[in-house]
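Pasted below: target11.pdb, PDB, C-alpha atoms.
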```pdb
ATOM      1  CA  MET A   1       7.583 116.560 142.818  1.00  0.00           C
ATOM      2  CA  ILE A   2       8.781 113.717 145.079  1.00  0.00           C
ATOM      3  CA  GLY A   3      12.040 115.549 145.721  1.00  0.00           C
ATOM      4  CA  LEU A   4      10.113 118.667 146.716  1.00  0.00           C
ATOM      5  CA  ILE A   5       7.917 116.699 149.136  1.00  0.00           C
ATOM      6  CA  ARG A   6      10.991 115.162 150.755  1.00  0.00           C
ATOM      7  CA  THR A   7      12.715 118.535 151.075  1.00  0.00           C
ATOM      8  CA  VAL A   8       9.642 120.179 152.598  1.00  0.00           C
ATOM      9  CA  PHE A   9       9.172 117.295 155.057  1.00  0.00           C
ATOM     10  CA  PHE A  10      12.719 117.584 156.385  1.00  0.00           C
ATOM     11  CA  ALA A  11      12.957 121.381 156.205  1.00  0.00           C
ATOM     12  CA  ILE A  12       9.584 122.202 157.776  1.00  0.00           C
ATOM     13  CA  ILE A  13       8.932 119.258 160.099  1.00  0.00           C
ATOM     14  CA  VAL A  14      11.942 117.088 160.918  1.00  0.00           C
ATOM     15  CA  ARG A  15      14.754 119.623 161.233  1.00  0.00           C
ATOM     16  CA  PRO A  16      12.826 122.101 163.451  1.00  0.00           C
ATOM     17  CA  LEU A  17      11.655 119.208 165.653  1.00  0.00           C
ATOM     18  CA  LEU A  18      15.097 117.698 166.181  1.00  0.00           C
ATOM     19  CA  LEU A  19      17.335 120.750 165.995  1.00  0.00           C
ATOM     20  CA  ILE A  20      15.175 123.364 167.737  1.00  0.00           C
ATOM     21  CA  ILE A  21      12.385 121.790 169.787  1.00  0.00           C
ATOM     22  CA  LEU A  22      14.265 118.751 171.105  1.00  0.00           C
ATOM     23  CA  GLY A  23      17.789 120.080 170.659  1.00  0.00           C
ATOM     24  CA  LEU A  24      20.417 117.991 168.899  1.00  0.00           C
ATOM     25  CA  HIS A  25      24.082 118.348 169.833  1.00  0.00           C
ATOM     26  CA  VAL A  26      26.760 116.965 167.507  1.00  0.00           C
ATOM     27  CA  ARG A  27      30.383 116.308 168.415  1.00  0.00           C
ATOM     28  CA  TYR A  28      33.115 115.939 165.771  1.00  0.00           C
ATOM     29  CA  ASN A  29      30.737 116.886 162.959  1.00  0.00           C
ATOM     30  CA  TYR A  30      33.798 117.751 160.822  1.00  0.00           C
ATOM     31  CA  ARG A  31      34.218 113.972 160.424  1.00  0.00           C
ATOM     32  CA  LEU A  32      30.988 113.705 158.453  1.00  0.00           C
ATOM     33  CA  PRO A  33      31.490 113.034 154.732  1.00  0.00           C
ATOM     34  CA  LYS A  34      30.969 116.044 152.502  1.00  0.00           C
ATOM     35  CA  LYS A  35      29.898 113.759 149.668  1.00  0.00           C
ATOM     36  CA  GLY A  36      29.438 110.086 148.819  1.00  0.00           C
ATOM     37  CA  PRO A  37      30.161 107.320 148.555  1.00  0.00           C
ATOM     38  CA  ALA A  38      30.239 106.712 152.310  1.00  0.00           C
ATOM     39  CA  VAL A  39      28.585 104.501 154.919  1.00  0.00           C
ATOM     40  CA  LEU A  40      27.397 105.792 158.292  1.00  0.00           C
ATOM     41  CA  VAL A  41      27.172 103.004 160.882  1.00  0.00           C
ATOM     42  CA  ALA A  42      25.184 103.795 164.025  1.00  0.00           C
ATOM     43  CA  ASN A  43      23.460 102.285 167.044  1.00  0.00           C
ATOM     44  CA  HIS A  44      19.683 101.864 166.785  1.00  0.00           C
ATOM     45  CA  ASN A  45      17.249 102.697 169.596  1.00  0.00           C
ATOM     46  CA  SER A  46      14.431 104.696 167.991  1.00  0.00           C
ATOM     47  CA  HIS A  47      12.434 105.354 164.838  1.00  0.00           C
ATOM     48  CA  LEU A  48      13.961 108.837 164.973  1.00  0.00           C
ATOM     49  CA  ASP A  49      17.499 107.514 164.448  1.00  0.00           C
ATOM     50  CA  ALA A  50      17.531 107.696 160.649  1.00  0.00           C
ATOM     51  CA  LEU A  51      15.780 111.081 160.670  1.00  0.00           C
ATOM     52  CA  ALA A  52      18.379 112.490 163.053  1.00  0.00           C
ATOM     53  CA  LEU A  53      21.283 111.228 160.945  1.00  0.00           C
ATOM     54  CA  ILE A  54      19.769 112.656 157.769  1.00  0.00           C
ATOM     55  CA  CYS A  55      19.457 116.024 159.546  1.00  0.00           C
ATOM     56  CA  LEU A  56      23.230 116.116 160.062  1.00  0.00           C
ATOM     57  CA  PHE A  57      23.634 116.894 156.375  1.00  0.00           C
ATOM     58  CA  PRO A  58      22.598 120.005 154.433  1.00  0.00           C
ATOM     59  CA  LEU A  59      19.325 119.884 152.522  1.00  0.00           C
ATOM     60  CA  SER A  60      21.301 120.104 149.280  1.00  0.00           C
ATOM     61  CA  LEU A  61      22.565 116.541 149.955  1.00  0.00           C
ATOM     62  CA  LEU A  62      19.142 115.157 150.891  1.00  0.00           C
ATOM     63  CA  LYS A  63      18.651 113.174 147.685  1.00  0.00           C
ATOM     64  CA  LYS A  64      22.031 111.495 148.243  1.00  0.00           C
ATOM     65  CA  ILE A  65      21.247 110.171 151.756  1.00  0.00           C
ATOM     66  CA  ARG A  66      19.872 106.610 151.763  1.00  0.00           C
ATOM     67  CA  PRO A  67      18.969 104.764 154.998  1.00  0.00           C
ATOM     68  CA  ILE A  68      18.916 100.957 154.919  1.00  0.00           C
ATOM     69  CA  ALA A  69      15.616  99.617 156.271  1.00  0.00           C
ATOM     70  CA  ALA A  70      13.797  96.314 156.668  1.00  0.00           C
ATOM     71  CA  GLN A  71      11.446  95.631 153.784  1.00  0.00           C
ATOM     72  CA  ASP A  72       9.139  93.444 155.882  1.00  0.00           C
ATOM     73  CA  TYR A  73       8.538  96.330 158.299  1.00  0.00           C
ATOM     74  CA  PHE A  74       8.212  99.299 155.955  1.00  0.00           C
ATOM     75  CA  PHE A  75       6.303  97.490 153.219  1.00  0.00           C
ATOM     76  CA  ARG A  76       3.454  96.459 155.545  1.00  0.00           C
ATOM     77  CA  ASN A  77       0.975  98.698 153.728  1.00  0.00           C
ATOM     78  CA  ALA A  78       0.913 100.911 150.640  1.00  0.00           C
ATOM     79  CA  ILE A  79       1.057 104.247 152.489  1.00  0.00           C
ATOM     80  CA  LEU A  80       4.011 103.284 154.674  1.00  0.00           C
ATOM     81  CA  LYS A  81       5.804 101.819 151.660  1.00  0.00           C
ATOM     82  CA  TRP A  82       5.309 105.027 149.652  1.00  0.00           C
ATOM     83  CA  PHE A  83       6.533 107.152 152.556  1.00  0.00           C
ATOM     84  CA  ALA A  84       9.579 104.952 153.167  1.00  0.00           C
ATOM     85  CA  LEU A  85      10.667 104.883 149.529  1.00  0.00           C
ATOM     86  CA  ASN A  86       9.830 108.426 148.460  1.00  0.00           C
ATOM     87  CA  VAL A  87      10.170 110.576 151.588  1.00  0.00           C
ATOM     88  CA  MET A  88      12.722 108.658 153.655  1.00  0.00           C
ATOM     89  CA  GLY A  89      14.519 107.421 150.537  1.00  0.00           C
ATOM     90  CA  ILE A  90      15.235 103.999 152.031  1.00  0.00           C
ATOM     91  CA  ILE A  91      16.998 101.107 150.390  1.00  0.00           C
ATOM     92  CA  PRO A  92      14.848  98.108 151.388  1.00  0.00           C
ATOM     93  CA  ILE A  93      16.509  94.919 152.612  1.00  0.00           C
ATOM     94  CA  ASP A  94      14.637  91.614 152.536  1.00  0.00           C
ATOM     95  CA  ARG A  95      15.590  90.011 155.864  1.00  0.00           C
ATOM     96  CA  LYS A  96      13.549  86.887 155.113  1.00  0.00           C
ATOM     97  CA  SER A  97      15.143  86.010 151.781  1.00  0.00           C
ATOM     98  CA  LYS A  98      17.337  82.923 151.837  1.00  0.00           C
ATOM     99  CA  SER A  99      18.336  83.062 148.184  1.00  0.00           C
ATOM    100  CA  ILE A 100      22.041  82.482 147.575  1.00  0.00           C
ATOM    101  CA  ARG A 101      21.815  83.607 143.952  1.00  0.00           C
ATOM    102  CA  LYS A 102      21.199  87.278 144.701  1.00  0.00           C
ATOM    103  CA  ASN A 103      23.761  89.506 146.382  1.00  0.00           C
ATOM    104  CA  PRO A 104      21.880  90.997 149.380  1.00  0.00           C
ATOM    105  CA  PHE A 105      23.995  94.137 149.039  1.00  0.00           C
ATOM    106  CA  SER A 106      23.289  94.724 145.343  1.00  0.00           C
ATOM    107  CA  GLY A 107      20.985  97.695 146.006  1.00  0.00           C
ATOM    108  CA  ILE A 108      23.464  99.209 148.464  1.00  0.00           C
ATOM    109  CA  ASN A 109      26.401  98.691 146.091  1.00  0.00           C
ATOM    110  CA  GLU A 110      24.452 100.385 143.318  1.00  0.00           C
ATOM    111  CA  SER A 111      23.737 103.318 145.613  1.00  0.00           C
ATOM    112  CA  LEU A 112      27.418 103.616 146.565  1.00  0.00           C
ATOM    113  CA  ASN A 113      28.356 103.483 142.889  1.00  0.00           C
ATOM    114  CA  ASN A 114      26.048 106.480 142.468  1.00  0.00           C
ATOM    115  CA  ASN A 115      28.078 108.345 145.118  1.00  0.00           C
ATOM    116  CA  GLU A 116      25.346 108.225 147.755  1.00  0.00           C
ATOM    117  CA  ILE A 117      25.725 108.213 151.546  1.00  0.00           C
ATOM    118  CA  ILE A 118      24.327 105.092 153.198  1.00  0.00           C
ATOM    119  CA  ILE A 119      22.930 104.921 156.739  1.00  0.00           C
ATOM    120  CA  LEU A 120      23.199 101.456 158.262  1.00  0.00           C
ATOM    121  CA  PHE A 121      22.238 100.045 161.674  1.00  0.00           C
ATOM    122  CA  PRO A 122      24.294  96.846 162.202  1.00  0.00           C
ATOM    123  CA  GLU A 123      22.333  95.850 165.309  1.00  0.00           C
ATOM    124  CA  GLY A 124      19.417  95.083 162.989  1.00  0.00           C
ATOM    125  CA  SER A 125      16.345  95.909 165.058  1.00  0.00           C
ATOM    126  CA  ARG A 126      15.929  98.640 167.662  1.00  0.00           C
ATOM    127  CA  GLY A 127      17.344  97.902 171.101  1.00  0.00           C
ATOM    128  CA  SER A 128      16.628  99.204 174.593  1.00  0.00           C
ATOM    129  CA  PRO A 129      17.227 102.927 175.177  1.00  0.00           C
ATOM    130  CA  GLU A 130      20.933 103.750 175.369  1.00  0.00           C
ATOM    131  CA  ASP A 131      21.964 100.069 175.220  1.00  0.00           C
ATOM    132  CA  LEU A 132      24.521  99.061 172.601  1.00  0.00           C
ATOM    133  CA  GLY A 133      23.710  95.683 171.076  1.00  0.00           C
ATOM    134  CA  GLU A 134      25.981  93.289 169.206  1.00  0.00           C
ATOM    135  CA  PHE A 135      26.738  94.266 165.619  1.00  0.00           C
ATOM    136  CA  LYS A 136      25.912  91.780 162.877  1.00  0.00           C
ATOM    137  CA  SER A 137      28.767  91.040 160.475  1.00  0.00           C
ATOM    138  CA  GLY A 138      26.894  92.191 157.365  1.00  0.00           C
ATOM    139  CA  ILE A 139      28.705  95.525 157.548  1.00  0.00           C
ATOM    140  CA  ALA A 140      32.029  93.679 157.189  1.00  0.00           C
ATOM    141  CA  HIS A 141      30.814  91.946 154.013  1.00  0.00           C
ATOM    142  CA  LEU A 142      29.634  95.293 152.654  1.00  0.00           C
ATOM    143  CA  ALA A 143      32.985  96.910 153.450  1.00  0.00           C
ATOM    144  CA  LYS A 144      34.798  94.010 151.773  1.00  0.00           C
ATOM    145  CA  GLN A 145      32.807  94.577 148.578  1.00  0.00           C
ATOM    146  CA  ASN A 146      33.561  98.326 148.754  1.00  0.00           C
ATOM    147  CA  PRO A 147      37.095  98.598 150.193  1.00  0.00           C
ATOM    148  CA  GLU A 148      37.610 102.190 149.030  1.00  0.00           C
ATOM    149  CA  VAL A 149      34.427 103.488 150.704  1.00  0.00           C
ATOM    150  CA  PRO A 150      34.833 105.047 154.179  1.00  0.00           C
ATOM    151  CA  VAL A 151      32.791 103.587 157.029  1.00  0.00           C
ATOM    152  CA  ILE A 152      32.015 106.235 159.658  1.00  0.00           C
ATOM    153  CA  PRO A 153      31.003 105.001 163.137  1.00  0.00           C
ATOM    154  CA  VAL A 154      28.335 107.049 164.931  1.00  0.00           C
ATOM    155  CA  PHE A 155      26.880 106.792 168.422  1.00  0.00           C
ATOM    156  CA  MET A 156      23.571 108.462 169.289  1.00  0.00           C
ATOM    157  CA  HIS A 157      22.519 109.139 172.864  1.00  0.00           C
ATOM    158  CA  GLY A 158      19.033 110.208 173.944  1.00  0.00           C
ATOM    159  CA  LEU A 159      16.853 109.241 170.981  1.00  0.00           C
ATOM    160  CA  GLY A 160      15.911 105.962 172.644  1.00  0.00           C
ATOM    161  CA  LYS A 161      14.397 108.005 175.468  1.00  0.00           C
ATOM    162  CA  VAL A 162      12.769 110.607 173.206  1.00  0.00           C
ATOM    163  CA  LEU A 163      10.847 107.921 171.313  1.00  0.00           C
ATOM    164  CA  PRO A 164      11.447 104.441 172.813  1.00  0.00           C
ATOM    165  CA  LYS A 165      10.529 101.247 171.027  1.00  0.00           C
ATOM    166  CA  GLY A 166       6.787 100.604 171.324  1.00  0.00           C
ATOM    167  CA  GLU A 167       5.922 104.227 172.189  1.00  0.00           C
ATOM    168  CA  ALA A 168       4.091 106.762 170.046  1.00  0.00           C
ATOM    169  CA  LEU A 169       4.560 109.991 172.036  1.00  0.00           C
ATOM    170  CA  LEU A 170       7.738 112.052 172.102  1.00  0.00           C
ATOM    171  CA  VAL A 171       9.418 112.659 175.455  1.00  0.00           C
ATOM    172  CA  PRO A 172      11.719 115.731 175.622  1.00  0.00           C
ATOM    173  CA  PHE A 173      15.302 114.620 176.287  1.00  0.00           C
ATOM    174  CA  PHE A 174      18.807 115.782 175.427  1.00  0.00           C
ATOM    175  CA  ILE A 175      20.130 114.282 172.179  1.00  0.00           C
ATOM    176  CA  ASP A 176      23.861 113.872 171.580  1.00  0.00           C
ATOM    177  CA  ILE A 177      25.453 112.461 168.431  1.00  0.00           C
ATOM    178  CA  PHE A 178      29.139 111.521 168.345  1.00  0.00           C
ATOM    179  CA  ILE A 179      30.900 111.086 164.985  1.00  0.00           C
ATOM    180  CA  GLY A 180      33.909 108.747 164.821  1.00  0.00           C
ATOM    181  CA  GLU A 181      36.841 108.664 162.447  1.00  0.00           C
ATOM    182  CA  SER A 182      36.508 106.869 159.119  1.00  0.00           C
ATOM    183  CA  LEU A 183      37.413 103.197 158.872  1.00  0.00           C
ATOM    184  CA  PHE A 184      38.223 101.140 155.787  1.00  0.00           C
ATOM    185  CA  TRP A 185      38.177  97.448 154.999  1.00  0.00           C
ATOM    186  CA  ASN A 186      41.367  95.870 156.349  1.00  0.00           C
ATOM    187  CA  SER A 187      41.197  92.450 154.641  1.00  0.00           C
ATOM    188  CA  ASN A 188      39.989  90.594 157.759  1.00  0.00           C
ATOM    189  CA  LYS A 189      36.368  90.339 158.932  1.00  0.00           C
ATOM    190  CA  GLU A 190      37.149  89.738 162.614  1.00  0.00           C
ATOM    191  CA  SER A 191      39.671  92.563 162.732  1.00  0.00           C
ATOM    192  CA  PHE A 192      37.337  94.963 160.948  1.00  0.00           C
ATOM    193  CA  MET A 193      34.413  94.165 163.276  1.00  0.00           C
ATOM    194  CA  GLU A 194      36.656  94.530 166.321  1.00  0.00           C
ATOM    195  CA  SER A 195      37.893  97.910 165.109  1.00  0.00           C
ATOM    196  CA  LEU A 196      34.365  99.114 164.363  1.00  0.00           C
ATOM    197  CA  THR A 197      33.030  97.913 167.728  1.00  0.00           C
ATOM    198  CA  THR A 198      35.939  99.504 169.589  1.00  0.00           C
ATOM    199  CA  ASN A 199      35.368 102.841 167.872  1.00  0.00           C
ATOM    200  CA  ILE A 200      31.638 102.789 168.640  1.00  0.00           C
ATOM    201  CA  CYS A 201      32.351 101.905 172.287  1.00  0.00           C
ATOM    202  CA  LEU A 202      34.776 104.824 172.564  1.00  0.00           C
ATOM    203  CA  LEU A 203      32.057 107.139 171.287  1.00  0.00           C
ATOM    204  CA  TYR A 204      29.582 105.488 173.677  1.00  0.00           C
ATOM    205  CA  THR A 205      31.754 106.467 176.644  1.00  0.00           C
ATOM    206  CA  SER A 206      32.500 109.995 175.396  1.00  0.00           C
ATOM    207  CA  PRO A 207      31.327 112.845 177.630  1.00  0.00           C
ATOM    208  CA  SER A 208      28.418 114.871 176.326  1.00  0.00           C
ATOM    209  CA  PRO A 209      28.923 118.494 175.205  1.00  0.00           C
ATOM    210  CA  ARG A 210      27.062 119.586 178.356  1.00  0.00           C
ATOM    211  CA  ASP A 211      29.451 117.584 180.548  1.00  0.00           C
ATOM    212  CA  LEU A 212      32.408 119.229 178.840  1.00  0.00           C
ATOM    213  CA  SER A 213      30.980 122.741 179.198  1.00  0.00           C
ATOM    214  CA  THR A 214      30.198 122.090 182.863  1.00  0.00           C
ATOM    215  CA  SER A 215      33.720 120.827 183.525  1.00  0.00           C
ATOM    216  CA  ARG A 216      35.186 124.053 182.125  1.00  0.00           C
ATOM    217  CA  MET A 217      33.069 126.376 184.304  1.00  0.00           C
ATOM    218  CA  PRO A 218      35.227 128.323 186.769  1.00  0.00           C
ATOM    219  CA  SER A 219      34.718 127.754 190.453  1.00  0.00           C
ATOM    220  CA  SER A 220      32.544 130.288 192.245  1.00  0.00           C
ATOM    221  CA  ALA A 221      34.948 130.274 195.192  1.00  0.00           C
TER     222      ALA A 221
END
```

Would you mind writing the file out in structure tokens?
Amino acid sequence: MIGLIRTVFFAIIVRPLLLIILGLHVRYNYRLPKKGPAVLVANHNSHLDALALICLFPLSLLKKIRPIAAQDYFFRNAILKWFALNVMGIIPIDRKSKSIRKNPFSGINESLNNNEIIILFPEGSRGSPEDLGEFKSGIAHLAKQNPEVPVIPVFMHGLGKVLPKGEALLVPFFIDIFIGESLFWNSNKESFMESLTTNICLLYTSPSPRDLSTSRMPSSA
């Protein structure tokens, strides 16, 4: 029953909203993993970010897509908690825990062992629209614990303007998503973070599909 509710939510509400009404353009979508385990690493500007990334995959993979989300935010009340766990399928992370006995990535590692696709936002909280914040090094520790799992960098443009932080109403705006090439743990945290950041920045400066199509238009002269 829960699986049906999740499928209906994405098929009837989320996908038509993002793909048809707002319009979502994806570049290099052939770089998306066809199956797990895999980790998608993206910038974070809007509550729509995870929904948009989930929509990049076919509905048949829906139960295998697991966004990482802050437990203190999504467990604020029973309804939001139920929605986050059962409809969004999140893996909750306790940002306030200071315990050194428990591996903070245990839930994520278990999900990867089950061949699931993880969605992770290394900036932590949502930033200003279209700004790229500093990545926290947790992704490097996760990659170190799962060296055979591909880490796919993603940059999303436009979602921060469609639904900015602190706003409740959608604003129509072009949405572009750029998929980078897979990275793997390279035995050095600083080197891995530098490589990941560089790849995200390259996607950040990529021209949009509309820019490319405009540049190819023949002159009217």

Practice prompt. Run the PyMOL selection byres ((chain A and resi 120) around 9) mentally over the shown coordinates, then write out the matched residues as a PyMOL selection string, using the chain letters and numbers from the document.
Written response: chain A and resi 39-43+50+66-69+118-119+121-122+124+139

Discussion item. Using only C-alpha atoms for the distances, tell me which of A:Lys63, A:Arg31, A:His47, A:Lys81 is nearest to Leu163 of chain A.
Written reply: A:His47

Could you list, as a PDB file with C-alpha atoms, in the coordinates of the input, every residue within 7 Å of Val26 of chain A, counting only C-alpha atoms and ignoring same-chain residues fewer than 2 positions away?
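result_15.pdb was written with the following content:
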```pdb
ATOM      1  CA  LEU A  24      20.417 117.991 168.899  1.00  0.00           C
ATOM      2  CA  TYR A  28      33.115 115.939 165.771  1.00  0.00           C
ATOM      3  CA  ASN A  29      30.737 116.886 162.959  1.00  0.00           C
ATOM      4  CA  ASP A 176      23.861 113.872 171.580  1.00  0.00           C
ATOM      5  CA  ILE A 177      25.453 112.461 168.431  1.00  0.00           C
ATOM      6  CA  PHE A 178      29.139 111.521 168.345  1.00  0.00           C
TER       7      PHE A 178
END
```

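Nearest residue to Lys34 of chain A, choosing from A:Thr198, A:Asn109, A:Asn115, A:Gln145 and counting only C-alpha atoms: A:Asn115.
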
Item to complete: Name the closest residue to Gly160 of chain A among the candidates A:Leu48, A:Leu19, A:Ile179, A:Ile5; distances are taken between atoms, counting only C-alpha atoms.
Response: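 Comparing A:Leu48, A:Leu19, A:Ile179, A:Ile5 against Gly160 of chain A, the winner is A:Leu48.
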